[in-house]
Each structure stands twice: as structure tokens, then as C-alpha cells.
There are 2 protein chains.
Amino acid sequence: MMYLELDGQGPRYAQLTRGLKQAILSGRVAAHSRLPATRVLARDLDLSRNTVLAAYEQLAAEGFIEGRVGSGCYVAAIGAMQAPQAAKTLPRSGAARVPLSRRGERIRELWDRRIPGREHIGLRYNLQYGMPMTNPQLASAWRRELAHAAAHAQTDYPEPQGLLALREQICDYLARRRGILAAPDDVLIVSGAQQAFTLAAELLLDEGDRVLLEDPHYQGERQIMQASGAEIVGCRVDENGIVTADLPTQGRTKLALVTPSHQFPSGAVLSLSRRMELLAWAAKTGCWIIEDDYDGEFRYDARPLAALKSLDRDSRVLYFGTFSKVLFPSLRLGYIVLPPSLRDSFIGAKWLTDRGCPAIEQAALARLMADGAFERHLRAAAKSLKARRATLLAALRKYAGDEVEVADSSAGMHVLAWLTRLKPTQARQLVSRASERGLGLYLIAPYFLKSSARPGLLLGFADLPAADLQAAMRILGECLREM
Amino acid sequence: MMYLELDGQGPRYAQLTRGLKQAILSGRVAAHSRLPATRVLARDLDLSRNTVLAAYEQLAAEGFIEGRVGSGCYVAAIGAMQAPQAAKTLPRSGAARVPLSRRGERIRELWDRRIPGREHIGLRYNLQYGMPMTNPQLASAWRRELAHAAAHAQTDYPEPQGLLALREQICDYLARRRGILAAPDDVLIVSGAQQAFTLAAELLLDEGDRVLLEDPHYQGERQIMQASGAEIVGCRVDENGIVTADLPTQGRTKLALVTPSHQFPSGAVLSLSRRMELLAWAAKTGCWIIEDDYDGEFRYDARPLAALKSLDRDSRVLYFGTFSKVLFPSLRLGYIVLPPSLRDSFIGAKWLTDRGCPAIEQAALARLMADGAFERHLRAAAKSLKARRATLLAALRKYAGDEVEVADSSAGMHVLAWLTRLKPTQARQLVSRASERGLGLYLIAPYFLKSSARPGLLLGFADLPAADLQAAMRILGECLREM
């Protein structure tokens with residue numbers, strides 16, 4: 001009698017097929033041996049005869065057995081082709097470090113060393129930056145547009161450059177709100193800013209090329225540059241943004257990544273004179289500039305400042321916009337406004353990488369922008385953010401006024417609070433202590449190329465109501481006083 | 001009086017702001033000069049005074065002018081920072097060939113030399129492969145799931161590996177239909193097969209590494225390998241699939257790309273003995289195998305054959321599945337079943353590249369699979385494809401029987417018809433001639449590494465009703481007879 005253990009996954013005939021294959025492949029059932037009659041096997045395994053028949057037919061179709069199902073089936077000479085071997089018990093984790101490409105090795109290391117995405121997610125008050133804003137109005141508008149787009153969007157491969165209707169809306173928006181005059185032809189739709197950085201690194205950087213980052217900066221962009229094998233240099237940031245006097249004058253810098261509207265994470269706004277100096281430096285040295293305008297929309301004391309790109313007469317600036325911050329992160333849509341000389345190469349890279357972004361979301365977003373709901377949402381969000389920011393700052397002053405120095409820029413979705421009294425090790429203790437009381441705090445240290453001597457907290461406030469912000473600052477103040 | 005031309009884009013105040021900025025930046029309005037009073041400029045330009053006030057305020061906020069708006073404003077010393085220069089008239093096309101990275105140069109060339117995506121799209125009968133199947137039932141089921149997902153899916157950053165519920169459904173499907181036993185942990189959700197190839201090239205290939213392609217093969221995968229700078233070698237294909245006797249034994253092949261279930265585009269099904277030989281070769285030489293199972297679901301004379309991956313005892317096979325073919329291309333979702341040793345690196349690469357696929361489509365697809373609608377659609381699609389294929393073959397025999405030799409494999413969404421009598425130049429004439437009569441034909445030549453001596457046609461039939469297929473074959477027959 002044939003011994004077979006079924007694995008219990010899926011229909012019986014499929015389980016039996018797999019079991020018989022394994023028996024054949026392992027050599028337990030020898031080549032040329034006759035299989036039991038379907039009736040016999042059905043009885044032995046307590047299966048219906050039809051189940052056994054179906055399995056035998058499948059095995060015959062795939063060449064595992066020969067002969068006529070129902071009269072006499074013989075095992076094909078398969079097992080002999082490959083010596084039976086013990087099933088390898090490979091560890092499921094990355095412990096088995098198979099060799100990868102140079103880029104692959106760098107990516108594996110970056111993944112291994114990553115900071116967990118949502119570390120304090122379970123805490124009562126989580127001041128993590130970049131949490132999506134809860135917004136029922138937006139959610140219902142988005143649902144409506146998505147349903148409409150699902151009924152009308154094309155099903156064929158998308159345009160690699162992105163849906164024209166969406167690119168038109170983006171140009172219109174950029175002209176009105178960010179001072180950028182761009183044609184739909186200059187715009188490439190990408191899967192979030194992360195993909196924008198990836199495409200730029202791929203097209204502009206060879207291993208060993210020099211990339212300039214603001215210091216501090218967004219980790220995600222640094223990781224992409226590290227993966228490309230570029231040489232990374234940092235440039236100091238002060239209260240007027242990146243210190244242009246420190247820009248390297250020796251050697252060639254291929255690419256510089258800046259956040260002029262609202263330096264991430266320090267919050268500084270780049271002064272006009274430095275904007276001009278940065279552009280002049282780029283034109284002179286032939287460096288490309290990436291302007292990451294991740295939250296330039298949210299400025300509370302005046303209209304949003306015009307983007308660096310609007311001053312870009314030498315076509316050295318790639319402007320990156322994202323909808324993750326202003327709408328929600330799971331959307332995965334962003335865009336690049338490209339200089340004419342890079343346009344085709346970026347479209348080509350997007351086409352090669354993934355053929356283009358999904359069509360339905362693009363169509364839904366284009367309609368959301370066209371009917372005004374997008375900007376209504378922006379205005380409402382700005383109003384809510386402004387109020388939350390004021391609450392946070394007032395509570396911070398009240399509960400921890402003498403312990404922190406706030407880098408104030410009247411913009412964005414987070415506030416940077418330098419800790420005036422604590423040493424870096426104490427700052428880490430502060431985070432643990434706060435966590436025990438249900439408060440999620442985030443240090444600025446990981447955003448520096450080398451850990452900054454001065455400890456600070458990045459306080460994200462976008463998704464917390466006023467009462468929570470006050471409670472959070474009260475806990476922060478208590479923790480600080482206890483140290 | 002100040003000369004200013006407004007560009008007509010967006011609100012008036014924004015136009016005026018831009019116009020004034022340009023005047024300041026170009027040096028036409030000198031540094032330290034006094035701007036006209038708002039009342040005066042409003043009269044000169046026929047604007048409301050509030051419009052001018054708004055523009056001046058914006059310019060002051062951005063640092064272009066100094067002083068008190070309403071009393072006296074002076075131009076800041078900006079123009080002096082950058083010498084005025086003539087606006088460059090850069091060509092908008094790729095003609096300005098700025099230097100890119102080595103990879104960038106290869107991508108630009110691939111994009112320049114690409115075959116237009118949908119060349120015969122306007123023709124009455126278009127036999128292009130990969131056109132989406134029109135399916136109102138599926139469309140309405142998809143709309144329903146999408147609306148549900150939009151109301152319930154998370155808004156936060158997606159899981160880089162992909163939604164667990166979707167990975168579970170894929171594992172269940174693979175066990176039942178493709179003979180693959182995989183755990184959700186082994187599955188990575190990607191933006192279509194194109195991204196799967198991109199990630200594999202990035203992680204496994206350095207410049208100069210050898211990649212083996214079936215010859216003929218899918219162009220998209222070749223282009224990605226070319227972009228990576230790999231050395232590409234072809235391996236012959238006959239009626240039993242890739243000729244394993246021709247696999248290279250000298251030197252190291254890093255990666256081999258195969259389509260065992262239905263060789264693309266020849267249609268051959270890889271025999272079981274060759275499957276075993278291919279796996280043995282991979283284990284012996286340390287080569288990774290990509291099994292691209294782009295349409296393995298559609299097999300008409302029997303159940304779908306089990307995938308190569310189901311025989312993969314040495315964990316050398318990366319199984320690529322896509323929903324572009326079975327659902328619709330604009331969805332941009334696919335998956336990889338990974339060997340344990342590559343799992344973390346691929347998740348890391350996906351995370352680094354774009355953080356993960358959009359959440360809503362993943363949730364909708366998981367539900368479509370869970371409630372059985374996905375497989376009902378597959379069964380209906382297979383039935384429809386089988387009938388269309390039979391119609392196409394019958395009409396081809398009737399109208400062009402003596403002119404073609406059909407490579408028949410009873411599977412897939414296309415048929416390969418070798419042209420027995422025509423030379424390659426004549427085959428190209430045949431395509432032009434057919435196009436003039438409203439018939440879109442596609443040669444197999446571009447799918448070979450080097451143009452094949454033997455001309456053939458790739459006849460995609462998925463989206464054409466029976467009457468159209470008959471009409472198309474009639475035209476093909478007429479064109480052939482006239483040559």
C-alpha cells in the first residue's frame with residue numbers, strides 16, 4: 001500500500017497530485033513502476049475515485065506518468081534525472097546571505113538597518129511625523145471620485161508619463177499656488193516622492209559620484225543615495241536654510257537635494273538671497289538640484305512662498321511634489337517637474353521600471369483637483385494644522401518652556417524642539433520614559449549624517465486633536481522635570 | 001510707466017507677481033529702485049488695487065521687495081546676485097543630450113529606440129498581443145470592490161511587502177491552480193511584472209554579468225536587462241520550449257528568464273524532462289531562474305500545468321505572476337514568489353524604491369479573490385479565449401492555410417503563425433498592406449535577439465469577437481495572395 005500524506009491545502013485532487021509528485025520526484029515511487037489502480041488508491045486513502053482520477057489525469061498531462069488512466073499508469077523516468085536529495089532547511093530570514101549585486105548588497109544592508117516605520121504606533125499619544133490626517137470629508141470625496149474613475153478609467157496600459165488630465169491639473173495648481181510655470185509635458189507622474197528619488201539616482205548617479213544632502217535631512221532620500229553607491233556629503237543648515245557659503249567648490253557635485261520651502265526636519269525657510277546663490281552655484285558647477293517640496297503648501301503666516309523652481313532660469317532644478325502629505329500616504333502618487341533636457345530620460349526610466357502608475361487613482365485625483373475639492377481640502381487642512389500647531393506651541397511653552405528651544409518657521413506639519421538641558425544619552429532616556437507613559441517621541445539624531453551633538457525632538461502634530469496635544473505636552477513636561 | 005506683460009495663467013495677482021519677479025530678476029527693474037505706488041500700477045495695468053496689493057505682499061513675503069506695502073516699496077538687491085542672461089531656448093525633446101549615469105545613458109537609448117506601444121490602435125481589426133479583454137461583469141465587480149476598499153482601506157503608508165490579505169489569497173490560488181506551495185511570507189506584491197524584472201536586475205546583476213534569455217522572448221524583460229548593463233545571451237527554443245542541451249556550461253550565468261508554461265512568443269510548453277534539466281543546471285551552476293508565468297492560467301486542452309516553481313527543490317526559482325493579463329493592464333499589480341534566501345532583499349528593494357504598492361487596489365483585489373469573483377472571471381475568460389482561438393485557427397486555415405504554419409500549443413492569448421512562403425522584407429510589406437486595409441499585424445522579428453530569418457506573425461486574439469477574427473483572417477488571406 002502506498003504511503004501518502006496529504007497537506008490539507010486546497011481541493012483533494014490537488015493535494016493528491018502534489019503528494020504523488022513528491023513521491024515520484026523523491027524516488028520513493030520508482031521510475032517505470034505501476035501506480036495503484038484508481039479504485040484501490042481511492043479506498044486506501046479514503047478518497048472518491050473521481051478525486052484519484054483527476055489527480056492521475058493531471059499527472060499524465062504534466063508528464064509524470066504514462067499510459068492510459070483507468071487501465072494502467074506507469075511512473076515516467078523523472079526521478080532519475082535529478083538525484084534525490086534531502087530537503088534543504090533554509091532559514092526563512094536573511095540569515096542565508098547569498099551574494100547579490102553590489103547595489104543589492106547595499107540595499108540588503110539598508111533594509112537590515114532600517115528604523116522601524118511606526119515604532120510607537122500603539123501609544124496613546126504618538127507625535128510621529130507623517131501620520132495621515134484623519135479627514136472624513138476628504139475620504140468621502142475620494143471614495144466618490146474613485147468610484148467614478150473605476151467606471152470610466154481606461155483598462156489598457158497607462159501612459160508612462162502619467163494621465164494627461166492629471167498633469168494638466170498639476171500645472172494649473174503649480175502656477176496658482178507655487179509660482180511655477182510648467183507645461184503638462186514637463187511633468188512626470190511617479191509612485192510617490194520615494195520613486196522620484198529612485199529615478200533621479202538611477203539616471204544621474206554612477207557609483208562614487210558625489211551627492212550633497214542638507215544636514216539634517218529626510219532619511220528616505222539618504223537611503224536611496226546610499227543604495228546607488230554615491231559619495232554623500234552633508235551641508236550645514238541654519239535658521240535661513242542650507243548654508244550656501246559652505247557649498248563645495250572643489251570637485252564635481254552631481255546632485256544636491258534641498259527642501260527650500262521648509263527645511264526637513266529643521267523647519268528653516270531658505271532665504272531669497274541663498275536661493276539665488278544656490279541656483280548660481282548649480283549653474284556654475286553643473287550640479288542638478290532636487291527641490292523636495294514635501295509640505296510647501298502649509299504656511300501659516302502668509303501665502304505659500306514660491307518654489308525654488310520658479311526662479312530656475314538655467315533649468316537645473318527638478319521639482320518633486322507629493323500627494324502623500326496633503327492627501328494620504330497609501331495613495332502612492334507624486335510628480336516631478338523636469339528640466340527639458342531630462343524630460344525624455346525620466347519618462348523612459350519610469351516606462352522601463354513599471355510602465356506607469358495605476359490609471360484609476362490618477363483619474364480620480366485629476367477629478368478631485370478639477371472640481372476644487374482638492375484645494376478646499378488644502379485650505380481646511382491648513383486651517384486645522386495652524387490651530388493644532390498653535391495649541392502644541394502654547395502647551396509646549398506652558399509645560400516645558402524652559403527646557404526647549406523651538407525652531408519656529410510657521411509652516412508644515414511638525415515642530416522641531418531642541419532640548420536645551422539634556423545630553424544625547426539623556427534624550428534617549430527621555431524617549432523611553434515618555435513611551436512608558438503612552439507618549440511617542442522622536443529624536444532628530446537619525447536625520448543627521450552623523451549624530452548631532454545637540455539633542456532635539458521632532459514633534460509631528462498633524463493627526464492629533466488639541467486635547468491630545470495638550471496632554472502630550474504635559475507628559476513631556478513631567479518627563480523632562482523628572483530628569 | 002512700468003512695462004509688464006501678464007501671462008494669462010491663474011489669478012491676476014499671481015500673474016502680476018510673476019511678471020514683477022521676472023522684471024526684478026532680469027534686472028529690468030534695478031535693485032534699490034522704488035516700485036510704483038499700488039494705485040498707480042493698478043491704473044496703468046488696468047487691475048484692481050487689491051490685486052496689486054496682493055502681489056506686492058507676496059513679493060515682500062518672498063524677499064523680492066523691501067519696505068512697507070502701501071507707503072513705499074524698494075526692489076531688493078537680487079538682480080545683482082546673478083548676471084542677467086538671455087533665456088535659453090533649450091529644445092524640449094531629448095536633443096539636448098546632457099550626460100547621464102551609465103545606466104541613464106542606456107535607458108535613454110532604450111526609450112529612443114522603443115517600439116511604439118500601440119501602433120495600430122486606430123485600425124478596425126487590431127491583432128496586437130496584450131490588449132485588455134473587455135468584460136462588463138468583471139468591470140462592475142471591480143468597481144464594487146474598489147468602492148468598498150476605498151471606504152475601508154488604510155490611509156497610512158502601505159506594507160512594503162504588500163497587503164497580507166492579498167498575499168494570503170495569492171498563496172491559496174497558487175496552491176490550487178498552479179501547484180505551488182508558498183507562504184504569504186514568501187510573496188512580494190509589485191507594480192506589475194515589469195517592476196518584478198526591475199527589482200531582480202537591480203538585486204542580482206552587476207554590469208557585465210551574464211543573463212540568459214529564451215530566444216525569442218518578451219522585449220520588456222530584455223530592455224530591463226539591457227538597462228542593467230548585463231551581458232545578454234540567447235538560448236534557442238523549439239516545440240518543447242527552451243533547448244536545455246544548449247544551456248551554457250562555461251562561465252557563470254547569473255540569471256535565466258524562462259516562460260515554461262507557454263513560451264513567449266513561440267507558444268511552446270516546456271516538457272517535464274527539460275524542466276528537470278533546467279532546474280538541475282541552475283542548481284549546479286548557481287544560476288537564479290525567473291519563471292514568468294504571464295498566462296499560465298489559460299490552457300485549453302487540460303487543466304493548467306503546474307508551475308516550474310512547484311518542482312523547485314533547490315530554491316533557485318523566482319516565480320513572477322501578474323494580474324495585467326488576467327484582469328487588466330492599467331491595474332499595475334503583480335507578485336513574486338521568492339526563495340527564502342532572497343526574500344528580505346527583495347522586500348528591502350521594494351521598500352526603498354517606492355515604499356509599497358497603493359493600498360486600495362490591493363484591498364480590492366484581495367476581496368475579489370476571496371469571494372470567488374476572480375476565479376469565476378478566469379473560468380469565463382478561459383472559455384471565451386478558447387472559443388476565439390478556435391475561430392481564429394479555423395479562419396486562418398480557411399483563408400491562409402497554405403501560407404502559414406501554426407505553432408499550436410492550445411494555450412494563451414495569442415497564436416504564432418510562421419509565414420512559409422514570404423521573405424522577411426515581404427513580411428514587412430505584408431504588415432503595411434494589411435494596415436492599409438484596417439488590419440493591424442505584428443511580426444515576431446522584434447522578439448528575437450537578432451532578427452530571425454524566418455518571418456512569422458504574432459496573432460493576439462483576446463479582445464476581438466468571432467466576426468472580427470474571421471474578417472481579419474479574410475483580409476490576411478487576401479493580402480497574402482496578392483503578394
# chains A, B, ... in the order shown; residues from 1 in each chain; ligands from 1

$ residues_around --residues "Gly286 in chain A" --least-positions-apart "2" --cutoff "9 Å" --atoms "only C-alpha atoms" --output "VMD selection string"
chain A and resid 252 to 255 281 to 284 288 316

$ interface_residues --of "chain A" --to "chain B" --cutoff "6 Å" --atoms "only C-alpha atoms" --output "ChimeraX atom specification"
/A:10,63,92,94,96,100-101,104,108,111,132,143,147,150,155-158,176,194-195,198,203-206,272,328-332,340-341,344-345,348,353-354,358-359

$ atom_distance --atom1 "CA of Pro216 in chain B" --atom2 "CA of Phe448 in chain B"
4.3 Å

$ atom_distance --atom1 "CA of Ile24 in chain A" --atom2 "CA of Ala182 in chain B"
20.4 Å

$ closest_residue --among "B:Asp402, B:Asp46, B:Asp408, B:Glu231" --to "Val211 in chain B" --atoms "only C-alpha atoms"
B:Glu231

$ closest_residue --among "A:Leu416, A:Leu53, A:Cys479, A:Leu166" --to "Ser432 in chain A" --atoms "only C-alpha atoms"
A:Cys479

$ select_by_dssp --residues "range 267-308 of chain B" --states "strand (DSSP E)" --output "list in words"
Trp288, Ile289, Ile290, Glu291 and Asp292 of chain B

$ write_last_selection --atoms "N, CA and C atoms" --output "PDB file, in the first residue's frame"
ATOM      1  N   TRP B 288      20.152  31.845 -10.872  1.00  0.00           N
ATOM      2  CA  TRP B 288      18.766  32.083 -10.479  1.00  0.00           C
ATOM      3  C   TRP B 288      17.866  31.955 -11.704  1.00  0.00           C
ATOM      4  N   ILE B 289      16.681  31.405 -11.497  1.00  0.00           N
ATOM      5  CA  ILE B 289      15.729  31.256 -12.604  1.00  0.00           C
ATOM      6  C   ILE B 289      14.508  32.124 -12.331  1.00  0.00           C
ATOM      7  N   ILE B 290      14.159  32.949 -13.296  1.00  0.00           N
ATOM      8  CA  ILE B 290      12.880  33.648 -13.198  1.00  0.00           C
ATOM      9  C   ILE B 290      11.871  32.913 -14.056  1.00  0.00           C
ATOM     10  N   GLU B 291      10.813  32.438 -13.425  1.00  0.00           N
ATOM     11  CA  GLU B 291       9.718  31.812 -14.159  1.00  0.00           C
ATOM     12  C   GLU B 291       8.629  32.864 -14.349  1.00  0.00           C
ATOM     13  N   ASP B 292       8.501  33.338 -15.573  1.00  0.00           N
ATOM     14  CA  ASP B 292       7.493  34.361 -15.874  1.00  0.00           C
ATOM     15  C   ASP B 292       6.225  33.649 -16.321  1.00  0.00           C
TER      16      ASP B 292
END

$ select_by_dssp --residues "range 156-352 of chain B" --states "helix (DSSP H, G or I)" --output "PyMOL selection string"
chain B and resi 164-178+184-186+192-204+219-227+244-246+272-285+308-311+329-331+340-352

$ residues_around --residues "Glu239 in chain A" --least-positions-apart "6" --cutoff "8 Å" --atoms "only C-alpha atoms" --output "ChimeraX atom specification"
/A:268-269,407
